[in-house]
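For reference, run.txt (compact mmCIF, C-alpha atoms and all ligand atoms):
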# COMPACT_ATOMS: atom_id res chain seq x y z
CA ALA A 1 115.99 106.78 92.43
CA GLN A 2 116.01 104.82 89.17
CA ARG A 3 112.35 103.89 89.60
CA LEU A 4 111.30 107.53 90.05
CA LYS A 5 113.25 108.76 87.01
CA GLY A 6 111.12 110.81 84.60
CA LYS A 7 108.03 110.76 86.83
CA THR A 8 105.61 113.64 87.22
CA ILE A 9 104.48 114.13 90.80
CA VAL A 10 101.64 116.31 92.10
CA ILE A 11 101.80 117.28 95.77
CA THR A 12 98.94 119.12 97.50
CA GLY A 13 99.77 121.33 100.47
CA ALA A 14 103.38 121.69 99.33
CA SER A 15 103.90 125.16 100.84
CA SER A 16 104.68 123.85 104.33
CA GLY A 17 105.41 120.90 106.60
CA ILE A 18 105.10 117.37 105.23
CA GLY A 19 104.15 118.41 101.67
CA LYS A 20 107.11 120.77 101.36
CA SER A 21 109.48 118.14 102.74
CA CYS A 22 108.10 115.60 100.25
CA ALA A 23 108.93 117.98 97.40
CA PHE A 24 112.55 118.35 98.56
CA GLU A 25 112.91 114.63 99.30
CA PHE A 26 111.60 113.55 95.87
CA ALA A 27 114.02 116.03 94.26
CA ARG A 28 116.95 114.84 96.38
CA THR A 29 116.18 111.20 95.58
CA CYS A 30 115.93 111.76 91.84
CA PRO A 31 117.83 114.98 91.04
CA ASP A 32 118.50 114.18 87.36
CA ASP A 33 115.05 113.75 85.88
CA LEU A 34 111.81 114.58 87.69
CA LYS A 35 108.83 116.90 87.35
CA LEU A 36 107.12 118.30 90.41
CA VAL A 37 103.78 120.09 90.44
CA LEU A 38 103.59 121.85 93.80
CA THR A 39 100.18 123.09 94.86
CA ALA A 40 98.76 125.09 97.79
CA ARG A 41 97.00 128.40 98.38
CA ARG A 42 100.21 130.35 99.19
CA ILE A 43 101.61 130.71 95.68
CA ASP A 44 104.50 133.03 96.67
CA THR A 45 105.81 130.44 99.11
CA LEU A 46 105.51 127.75 96.43
CA LYS A 47 107.49 129.91 94.00
CA GLU A 48 110.32 130.26 96.56
CA ILE A 49 110.32 126.51 97.17
CA ALA A 50 110.40 125.89 93.41
CA ARG A 51 113.43 128.17 93.04
CA ASP A 52 115.24 126.42 95.93
CA ILE A 53 114.58 122.95 94.55
CA GLU A 54 115.61 123.85 91.00
CA GLY A 55 118.76 125.46 92.44
CA GLU A 56 119.65 122.23 94.29
CA ALA A 57 118.58 119.64 91.73
CA LYS A 58 119.34 120.67 88.17
CA GLY A 59 117.30 117.93 86.47
CA VAL A 60 114.12 118.69 88.40
CA LYS A 61 111.47 120.88 86.81
CA VAL A 62 109.07 122.46 89.28
CA LEU A 63 105.69 123.98 88.49
CA PRO A 64 104.10 125.94 91.35
CA VAL A 65 100.29 126.07 91.05
CA LYS A 66 97.89 128.04 93.24
CA LEU A 67 95.19 125.56 94.19
CA ASP A 68 92.68 125.51 97.02
CA VAL A 69 91.61 121.86 97.21
CA SER A 70 88.44 122.83 99.06
CA ASN A 71 87.30 124.75 95.97
CA ALA A 72 85.64 122.18 93.69
CA ASP A 73 85.84 124.47 90.62
CA GLU A 74 89.58 125.01 91.03
CA VAL A 75 90.14 121.26 91.37
CA ALA A 76 87.93 120.56 88.34
CA GLY A 77 90.08 122.88 86.20
CA PHE A 78 93.42 121.70 87.59
CA VAL A 79 94.38 118.89 85.19
CA GLY A 80 93.07 120.71 82.11
CA ASN A 81 95.17 123.77 82.95
CA LEU A 82 98.45 121.87 83.39
CA PRO A 83 101.01 122.63 80.66
CA ALA A 84 101.51 119.64 78.30
CA GLU A 85 104.91 118.93 79.82
CA PHE A 86 103.36 118.31 83.27
CA LYS A 87 100.09 116.64 82.23
CA ASP A 88 101.13 112.99 82.34
CA VAL A 89 100.99 112.71 86.13
CA ASP A 90 102.35 109.49 87.68
CA ILE A 91 102.04 110.16 91.41
CA LEU A 92 99.52 112.14 93.45
CA VAL A 93 100.42 112.94 97.04
CA ASN A 94 97.18 114.01 98.74
CA ASN A 95 98.70 115.84 101.67
CA ALA A 96 96.78 119.15 102.03
CA GLY A 97 94.91 119.09 105.30
CA LEU A 98 94.30 120.90 108.54
CA VAL A 99 92.69 120.94 111.95
CA LYS A 100 90.89 123.86 113.54
CA GLY A 101 90.60 124.16 117.31
CA LYS A 102 90.02 121.64 120.09
CA GLU A 103 86.40 122.56 120.78
CA THR A 104 84.06 119.77 121.84
CA ALA A 105 80.48 119.21 120.68
CA PRO A 106 78.18 121.18 120.78
CA HIS A 107 80.65 124.10 120.66
CA ILE A 108 82.23 123.46 117.26
CA SER A 109 81.54 126.18 114.70
CA THR A 110 79.95 125.20 111.40
CA ALA A 111 82.68 127.20 109.64
CA ASP A 112 85.39 125.00 111.19
CA ILE A 113 83.45 121.83 110.40
CA ASP A 114 83.10 122.94 106.77
CA THR A 115 86.76 123.91 106.45
CA MET A 116 88.02 120.59 107.79
CA PHE A 117 85.65 118.43 105.74
CA SER A 118 85.97 120.39 102.51
CA THR A 119 89.78 120.32 102.70
CA ASN A 120 90.64 116.97 104.27
CA VAL A 121 87.84 114.88 102.77
CA THR A 122 86.09 116.46 99.76
CA GLY A 123 89.31 118.09 98.56
CA LEU A 124 91.22 114.81 98.72
CA ILE A 125 88.41 112.93 96.97
CA ASN A 126 88.07 115.56 94.24
CA MET A 127 91.83 115.57 93.59
CA THR A 128 91.82 111.78 93.37
CA GLN A 129 88.92 111.77 90.92
CA ALA A 130 90.62 114.51 88.88
CA LEU A 131 93.85 112.51 88.46
CA LEU A 132 92.49 108.98 88.17
CA PRO A 133 91.50 109.25 84.48
CA THR A 134 95.17 110.00 83.67
CA PHE A 135 96.27 106.93 85.64
CA LEU A 136 93.59 104.68 84.13
CA ALA A 137 94.43 105.75 80.56
CA ARG A 138 97.99 104.49 81.01
CA ALA A 139 98.65 101.28 79.03
CA PRO A 140 98.23 98.40 79.40
CA SER A 141 95.89 98.42 82.41
CA GLY A 142 96.36 101.73 84.18
CA ALA A 143 99.20 102.77 86.49
CA GLY A 144 100.03 105.50 88.98
CA ASP A 145 100.28 106.10 92.70
CA ILE A 146 97.77 107.72 95.01
CA ILE A 147 99.50 108.47 98.29
CA ASN A 148 97.11 109.74 100.94
CA ILE A 149 98.32 111.35 104.14
CA GLY A 150 95.93 110.20 106.84
CA SER A 151 96.67 110.35 110.55
CA ILE A 152 96.68 108.33 113.75
CA ALA A 153 93.59 110.50 114.39
CA GLY A 154 91.75 108.52 111.70
CA ARG A 155 92.37 105.27 113.55
CA GLU A 156 91.82 106.51 117.06
CA PRO A 157 89.32 109.22 117.99
CA TYR A 158 90.21 111.61 120.81
CA GLN A 159 88.40 114.27 122.85
CA GLY A 160 88.69 117.70 121.27
CA GLY A 161 89.38 116.20 117.85
CA SER A 162 85.97 114.86 116.82
CA ILE A 163 85.75 116.59 113.45
CA TYR A 164 89.40 116.19 112.51
CA CYS A 165 89.30 112.51 113.58
CA ALA A 166 86.11 112.01 111.55
CA THR A 167 87.76 113.56 108.48
CA LYS A 168 90.79 111.31 108.76
CA ALA A 169 88.59 108.23 109.35
CA ALA A 170 86.79 109.20 106.14
CA VAL A 171 90.14 109.42 104.33
CA ARG A 172 90.98 105.94 105.56
CA SER A 173 87.64 104.53 104.45
CA PHE A 174 87.81 106.20 101.02
CA THR A 175 91.38 104.96 100.57
CA ASP A 176 90.51 101.37 101.46
CA SER A 177 87.44 101.46 99.19
CA ILE A 178 89.28 102.70 96.10
CA ARG A 179 92.11 100.19 96.65
CA ARG A 180 89.42 97.54 96.24
CA GLU A 181 87.75 99.32 93.30
CA LEU A 182 91.05 99.63 91.43
CA ILE A 183 92.16 96.04 91.93
CA ALA A 184 92.05 95.17 88.21
CA THR A 185 94.43 98.06 87.44
CA ARG A 186 98.06 98.65 88.35
CA VAL A 187 97.21 101.82 90.29
CA ARG A 188 98.73 101.68 93.78
CA VAL A 189 96.70 103.12 96.63
CA ILE A 190 98.84 104.00 99.62
CA GLU A 191 97.99 105.52 103.00
CA ILE A 192 100.58 106.93 105.36
CA ASP A 193 99.36 107.85 108.84
CA PRO A 194 101.72 109.96 110.93
CA GLY A 195 101.52 110.48 114.66
CA GLN A 196 102.87 113.73 116.05
CA VAL A 197 104.85 115.82 113.54
CA GLU A 198 106.09 119.34 114.24
CA THR A 199 104.95 121.54 111.35
CA GLU A 200 102.58 124.53 111.06
CA PHE A 201 99.78 122.08 111.95
CA SER A 202 99.39 123.20 115.58
CA VAL A 203 99.82 126.90 114.74
CA VAL A 204 96.91 126.48 112.31
CA ARG A 205 94.96 124.47 114.93
CA PHE A 206 95.36 127.26 117.50
CA ARG A 207 94.60 129.98 114.95
CA GLY A 208 98.06 131.54 114.88
CA ASP A 209 98.82 131.27 118.62
CA GLU A 210 102.45 130.13 118.36
CA GLU A 211 102.95 129.93 122.13
CA ARG A 212 99.99 127.55 122.50
CA ALA A 213 101.27 125.50 119.55
CA ARG A 214 104.76 125.26 121.09
CA LYS A 215 103.25 123.83 124.31
CA GLU A 216 101.97 120.78 122.35
CA TYR A 217 105.57 119.72 121.84
CA GLU A 218 106.88 120.41 125.36
CA GLY A 219 108.74 117.42 126.81
CA VAL A 220 108.41 115.35 123.65
CA GLU A 221 110.40 114.91 120.46
CA PRO A 222 107.93 114.90 117.56
CA LEU A 223 108.67 113.58 114.09
CA THR A 224 110.05 116.07 111.62
CA PRO A 225 108.23 116.53 108.30
CA GLN A 226 111.39 115.11 106.69
CA ASP A 227 110.82 111.82 108.61
CA VAL A 228 107.39 111.46 107.02
CA ALA A 229 108.63 112.56 103.58
CA GLU A 230 111.22 109.77 103.64
CA VAL A 231 108.43 107.20 104.12
CA VAL A 232 106.38 108.75 101.29
CA VAL A 233 109.31 108.68 98.88
CA PHE A 234 110.24 105.14 99.98
CA ALA A 235 106.67 103.97 99.23
CA ALA A 236 106.70 105.67 95.81
CA GLY A 237 110.10 104.19 94.99
CA ARG A 238 109.20 100.52 95.53
CA ARG A 239 109.09 98.06 92.65
CA GLU A 240 105.79 98.42 90.78
CA ASN A 241 104.48 95.15 92.23
CA VAL A 242 105.04 96.30 95.82
CA VAL A 243 102.28 98.31 97.50
CA LEU A 244 103.14 99.79 100.86
CA ALA A 245 99.41 99.98 101.42
CA ASP A 246 99.21 101.24 104.96
CA ALA A 247 101.81 102.73 107.32
CA LEU A 248 101.55 104.15 110.84
CA VAL A 249 104.53 106.32 111.75
CA PHE A 250 105.11 107.40 115.36
CA PRO A 251 107.90 109.25 117.10
CA ASN A 252 109.47 107.10 119.81
CA HIS A 253 107.60 108.69 122.73
CA GLN A 254 104.16 108.02 121.20
CA ALA A 255 102.13 104.80 121.37
CA ALA A 256 98.63 106.05 120.53
CA ALA A 257 96.87 109.31 119.65
CA THR A 258 96.91 110.48 123.26
CA VAL A 259 99.48 108.13 124.81
CA MET A 260 102.69 110.15 124.98
CA HIS A 261 105.61 109.87 127.32
CA ARG A 262 106.45 113.43 128.35
CA LYS A 263 109.68 114.32 130.13
CA ALA A 264 109.03 116.48 133.18
P1 LIG A 301 101.12 122.28 107.72
O1 LIG A 301 100.11 123.21 108.30
O2 LIG A 301 102.57 122.56 107.94
O3 LIG A 301 100.87 122.09 106.17
C1 LIG A 301 99.57 121.95 105.64
C2 LIG A 301 99.60 122.22 104.15
O4 LIG A 301 98.26 122.08 103.65
C3 LIG A 301 100.06 123.61 103.81
O5 LIG A 301 100.95 123.54 102.72
C4 LIG A 301 98.79 124.34 103.40
O6 LIG A 301 99.09 125.27 102.38
C5 LIG A 301 97.97 123.19 102.84
N1 LIG A 301 96.55 123.47 102.82
C6 LIG A 301 95.72 123.73 103.84
N2 LIG A 301 94.48 123.99 103.39
C7 LIG A 301 94.54 123.88 102.04
C8 LIG A 301 93.59 124.04 101.00
N3 LIG A 301 92.31 124.35 101.24
N4 LIG A 301 94.00 123.86 99.71
C9 LIG A 301 95.28 123.54 99.46
N5 LIG A 301 96.22 123.39 100.38
C10 LIG A 301 95.84 123.56 101.67
O7 LIG A 301 100.74 120.83 108.33
P2 LIG A 301 101.32 119.36 108.07
O8 LIG A 301 102.44 119.35 107.13
O9 LIG A 301 101.49 118.77 109.41
O10 LIG A 301 100.02 118.68 107.41
C11 LIG A 301 100.07 117.92 106.22
C12 LIG A 301 99.12 116.75 106.35
O11 LIG A 301 99.58 115.87 107.37
C13 LIG A 301 97.68 117.12 106.72
O12 LIG A 301 96.79 116.34 105.95
C14 LIG A 301 97.61 116.73 108.19
O13 LIG A 301 96.28 116.42 108.57
C15 LIG A 301 98.50 115.53 108.21
N6 LIG A 301 99.02 115.11 109.51
C16 LIG A 301 99.75 115.98 110.28
C17 LIG A 301 100.23 115.57 111.50
C18 LIG A 301 100.99 116.48 112.41
O14 LIG A 301 101.11 116.16 113.61
N7 LIG A 301 101.52 117.57 111.95
C19 LIG A 301 100.01 114.20 111.98
C20 LIG A 301 99.26 113.38 111.09
C21 LIG A 301 98.80 113.83 109.90
P3 LIG A 301 98.40 126.71 102.16
O15 LIG A 301 98.07 127.25 103.53
O16 LIG A 301 99.44 127.48 101.43
O17 LIG A 301 97.21 126.41 101.32
C1 LIG A 302 97.70 114.94 113.67
C2 LIG A 302 97.84 114.06 114.84
O1 LIG A 302 96.73 113.35 116.94
O2 LIG A 302 97.55 115.64 116.82
O3 LIG A 302 97.06 114.30 112.64
O4 LIG A 302 95.54 114.98 115.70
S1 LIG A 302 96.84 114.55 116.13
The structure given in the file should be rewritten as structure tokens.
Ligand code: NDP
Ligand code: 8X3
Amino acid sequence: AQRLKGKTIVITGASSGIGKSCAFEFARTCPDDLKLVLTARRIDTLKEIARDIEGEAKGVKVLPVKLDVSNADEVAGFVGNLPAEFKDVDILVNNAGLVKGKETAPHISTADIDTMFSTNVTGLINMTQALLPTFLARAPSGAGDIINIGSIAGREPYQGGSIYCATKAAVRSFTDSIRRELIATRVRVIEIDPGQVETEFSVVRFRGDEERARKEYEGVEPLTPQDVAEVVVFAAGRRENVVLADALVFPNHQAAATVMHRKA
């Protein structure tokens, strides 16, 4: 908690699931002195989350910001539009992301391909490039954390996930590249790859079909978003010389993207 004191943290996709849990977990870990910039498209939900966090943790200031990471113009204006109090960002959690459908090639719509790439890949890259100048300007040789939420899907392709898997493989490759590029700085580049987590992820995948989404989790006990948030906050809270560079987080029944033990 001491190491996070006074930090300013930007979280993308903070209106639901892992991003929302990260917001609460950061606040719980450092309730006396923390600034959170919570971003997503659903601003009303972010405002409710901000109220709840500020109600629980009196020393935490929360700024909800409507931001579609797939919109390059919105991302370009993001840092410039932050109030002075929130401008000196220390930690970026690149969490916003989604999957659409389980269609296989050649039946994948160009709209779905564009949505997944522009959110999971271009959005994440644009956010990183938007915040890096702040990190690099920090004396004496730059400092800050980039925490990217990848996926087991980026390590292991599966049928019906070609585009999503490709986006998460791209995240992994970008992350590993910038860790090398930033080696002369004190910027930490961290990737956390969850396996199965029960969030709105599958509801979004199946375009609002909650029954279909529920079936994904039948007979298994997925991770909760809180489980992943604890790993994110742990990584951010390490001593500055410690980089938890790469973490794969499974629930106990999972051993690979498609290797699950399901109870009958
Ligand atoms: P949720 O659907 O619960 O949350 C996704 C979040 O991303 C929402 O807050 C949503 O907010 C936001 N988001 C989606 N599109 C955009 C956009 N264009 N601009 C800004 N925000 C956006 O899913 P999860 O919490 O599960 O997903 C979080 C991350 O974790 C994703 O990157 C996902 O790929 C990854 N992941 C998830 C796993 C799982 O099994 N659930 C496993 C491994 C990785 P809003 O709609 O308000 O914009
Ligand atoms: C989410 C995990 O394997 O359901 O990133 O695509 S998977």
Item to check | Spatial neighbours of region 168-172 of chain A, 10 Å, all atoms listed in the file, chain gap at least 5 places, as an NGL selection string | outcome: :A and (97 or 116-117 or 120-122 or 124-125 or 148-157 or 163 or 177 or 191-193 or 246)
Output C-alpha atoms for every residue in that selection, as a PDB file, in the coordinates of the input.
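Written file, selection-v4.pdb:
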ATOM      1  CA  GLY A  97      94.910 119.090 105.300  1.00  0.00           C
ATOM      2  CA  MET A 116      88.020 120.590 107.790  1.00  0.00           C
ATOM      3  CA  PHE A 117      85.650 118.430 105.740  1.00  0.00           C
ATOM      4  CA  ASN A 120      90.640 116.970 104.270  1.00  0.00           C
ATOM      5  CA  VAL A 121      87.840 114.880 102.770  1.00  0.00           C
ATOM      6  CA  THR A 122      86.090 116.460  99.760  1.00  0.00           C
ATOM      7  CA  LEU A 124      91.220 114.810  98.720  1.00  0.00           C
ATOM      8  CA  ILE A 125      88.410 112.930  96.970  1.00  0.00           C
ATOM      9  CA  ASN A 148      97.110 109.740 100.940  1.00  0.00           C
ATOM     10  CA  ILE A 149      98.320 111.350 104.140  1.00  0.00           C
ATOM     11  CA  GLY A 150      95.930 110.200 106.840  1.00  0.00           C
ATOM     12  CA  SER A 151      96.670 110.350 110.550  1.00  0.00           C
ATOM     13  CA  ILE A 152      96.680 108.330 113.750  1.00  0.00           C
ATOM     14  CA  ALA A 153      93.590 110.500 114.390  1.00  0.00           C
ATOM     15  CA  GLY A 154      91.750 108.520 111.700  1.00  0.00           C
ATOM     16  CA  ARG A 155      92.370 105.270 113.550  1.00  0.00           C
ATOM     17  CA  GLU A 156      91.820 106.510 117.060  1.00  0.00           C
ATOM     18  CA  PRO A 157      89.320 109.220 117.990  1.00  0.00           C
ATOM     19  CA  ILE A 163      85.750 116.590 113.450  1.00  0.00           C
ATOM     20  CA  SER A 177      87.440 101.460  99.190  1.00  0.00           C
ATOM     21  CA  GLU A 191      97.990 105.520 103.000  1.00  0.00           C
ATOM     22  CA  ILE A 192     100.580 106.930 105.360  1.00  0.00           C
ATOM     23  CA  ASP A 193      99.360 107.850 108.840  1.00  0.00           C
ATOM     24  CA  ASP A 246      99.210 101.240 104.960  1.00  0.00           C
TER      25      ASP A 246
END
Item to check | One-decimal distance in Å that lies between CA of Asn81 (chain A) and CA of Ala139 (chain A) | outcome: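 Value for the CA of Ala139 (chain A)-CA of Asn81 (chain A) distance: 23.1 Å.
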Item to check | region 22-31 of chain A surroundings by all atoms listed in the file, 6 Å radius, close-in-sequence under 4 positions cut, as number ranges by chain | outcome: A: 1, 57, 59-60, 229
Let's have the selection written as an mmCIF file, keeping the file's coordinate frame, with C-alpha atoms.
data_model
loop_
_atom_site.group_PDB
_atom_site.id
_atom_site.type_symbol
_atom_site.label_atom_id
_atom_site.label_comp_id
_atom_site.auth_asym_id
_atom_site.auth_seq_id
_atom_site.Cartn_x
_atom_site.Cartn_y
_atom_site.Cartn_z
ATOM 1 C CA ALA A 1 115.990 106.780 92.430
ATOM 2 C CA ALA A 57 118.580 119.640 91.730
ATOM 3 C CA GLY A 59 117.300 117.930 86.470
ATOM 4 C CA VAL A 60 114.120 118.690 88.400
ATOM 5 C CA ALA A 229 108.630 112.560 103.580
#
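Take the candidates A:Thr45, A:Gln196, A:Asn94, A:Thr175 and check each one against ligand LIG 301 (chain A) using only C-alpha atoms and all ligand atoms; the shortest distance goes to A:Gln196.
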Next on the checklist: Give me, as a PyMOL selection string, the set of residues whose atoms come within 6 Å of any atom of ligand LIG 301 (chain A), counting only C-alpha atoms and all ligand atoms.
Outcome noted: chain A and resi 12-19+40-42+67-70+95-98+119+149-151+193-201
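Considering all atoms listed in the file, the residue among A:Ala137, A:Ile190, A:Val37, A:Leu63 positioned nearest to Arg238 (chain A) is A:Ile190.
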Next on the checklist: Using only C-alpha atoms, can you tell me which of A:Gly219, A:Ala245, A:Ser21, A:Gln254 comes closest to Arg180 (chain A)?
Outcome noted: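 Using only C-alpha atoms, the shortest distance to Arg180 (chain A) belongs to A:Ala245.
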